[in-house]
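Enquirer: I'd like to ask you about the structure that follows.
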Amino acid sequence: MAIRLDYLVFYIGNLSYGFDYVYTKRINGHAFYLRRLPQSEITDVADENFDFYNPHFSEDLHTPFNWKYDEKFTDLTRIWDHYSDVALGFIEDWADDYRAPVDPNSDQNVEWGIRFYSPNLKGEQLIYGVNAYPDRFDSFVNYLRSFDPEAPTNVPDDLPYSKGRFAN
């Protein structure tokens, strides 16, 4: 049986800079990608009211309408199954915990985590790390960034991730 995600949340940052959050979610027949900056409120992705969609997605009206969202999001409805397969392909072999020594200067530390849920799994899953990364972590981050309407598509060459920033 194939595992299909209901949601995946990724965060990265540190106590000095704050944490970028990426939310991807499938709900009520549609799916979306949304990134929130460190200054933004953290959202409960499991909340049924946390939902972004384009009501005119399947219509070609070429007419303006009153958009109800202030945040830019990417509609993943048509590619959710593929997105789910690729995202899970990156993380399925990762351990639950990656830790390296922590620097007393919080600017130098990078904490990251992934929360995800599928009805095929036993409850919500969590993978996290501090100053340590699993194989293909940068490829996973680049994959997520590829859906972002405002982020550059490549992780900076001078890892670790521009001191925890998801986007430059």
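In the structure tokens, each chain is lettered A, B, ... as it comes, each chain's residues begin at 1, and ligands are numbered from 1 in order of appearance.
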Could I get the residues of segment 65-107 of chain A with an atom no further than 8 Å from an atom of segment 122-138 of chain A, each paired with its nearest atom pair and that distance in Å to one decimal, using only C-alpha atoms, sorted by chain and residue number, as CSV?

Expert:
residue,atom,partner,partner_atom,distance
A:Phe90,CA,A:Arg136,CA,7.0
A:Trp94,CA,A:Pro134,CA,6.4
A:Ala95,CA,A:Ile127,CA,7.0
A:Asp96,CA,A:Ile127,CA,4.4
A:Asp97,CA,A:Tyr128,CA,5.3
A:Tyr98,CA,A:Gly129,CA,4.2
A:Arg99,CA,A:Val130,CA,4.9
A:Ala100,CA,A:Asn131,CA,5.2
A:Pro101,CA,A:Asn131,CA,7.1
A:Val102,CA,A:Asn131,CA,7.0

Enquirer: So the first atom is atom CA of Phe73 of chain A and the second is atom CA of Phe147 of chain A; what is the distance between them in Å, to one decimal place?

Expert: 8.8 Å

Enquirer: Atom CA of Ser106 of chain A and atom CA of Asn142 of chain A, how far apart in Å?

Expert: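 Atom CA of Ser106 of chain A lies 24.5 Å from atom CA of Asn142 of chain A.
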
Enquirer: State, in Å with one decimal place, the distance from atom CA of Ile3 of chain A to atom CA of Asn120 of chain A.

Expert: 5.9 Å

Enquirer: Which residues, written as a ChimeraX atom specification, have at least one atom at most 8 Å from Phe10 of chain A, with only C-alpha atoms counted and residues fewer than 3 positions away on the same chain left out?

Expert: /A:21-23,112-115

Enquirer: Go ahead and write the selection's residues with N, CA and C atoms as a compact mmCIF listing (two decimals), in the first residue's frame.

Expert:
# COMPACT_ATOMS: atom_id res chain seq x y z
N TYR A 21 8.85 28.40 8.67
CA TYR A 21 7.98 27.22 8.61
C TYR A 21 7.45 27.04 7.20
N VAL A 22 7.46 25.79 6.74
CA VAL A 22 6.84 25.42 5.47
C VAL A 22 5.72 24.45 5.80
N TYR A 23 4.54 24.76 5.31
CA TYR A 23 3.38 23.90 5.51
C TYR A 23 2.93 23.35 4.16
N TRP A 112 16.25 22.15 13.06
CA TRP A 112 15.29 21.88 11.99
C TRP A 112 14.41 20.70 12.40
N GLY A 113 13.27 20.60 11.76
CA GLY A 113 12.39 19.49 12.07
C GLY A 113 11.36 19.28 10.97
N ILE A 114 10.85 18.07 10.92
CA ILE A 114 9.80 17.70 9.98
C ILE A 114 8.73 16.95 10.75
N ARG A 115 7.50 17.43 10.65
CA ARG A 115 6.33 16.74 11.18
C ARG A 115 5.50 16.29 9.99
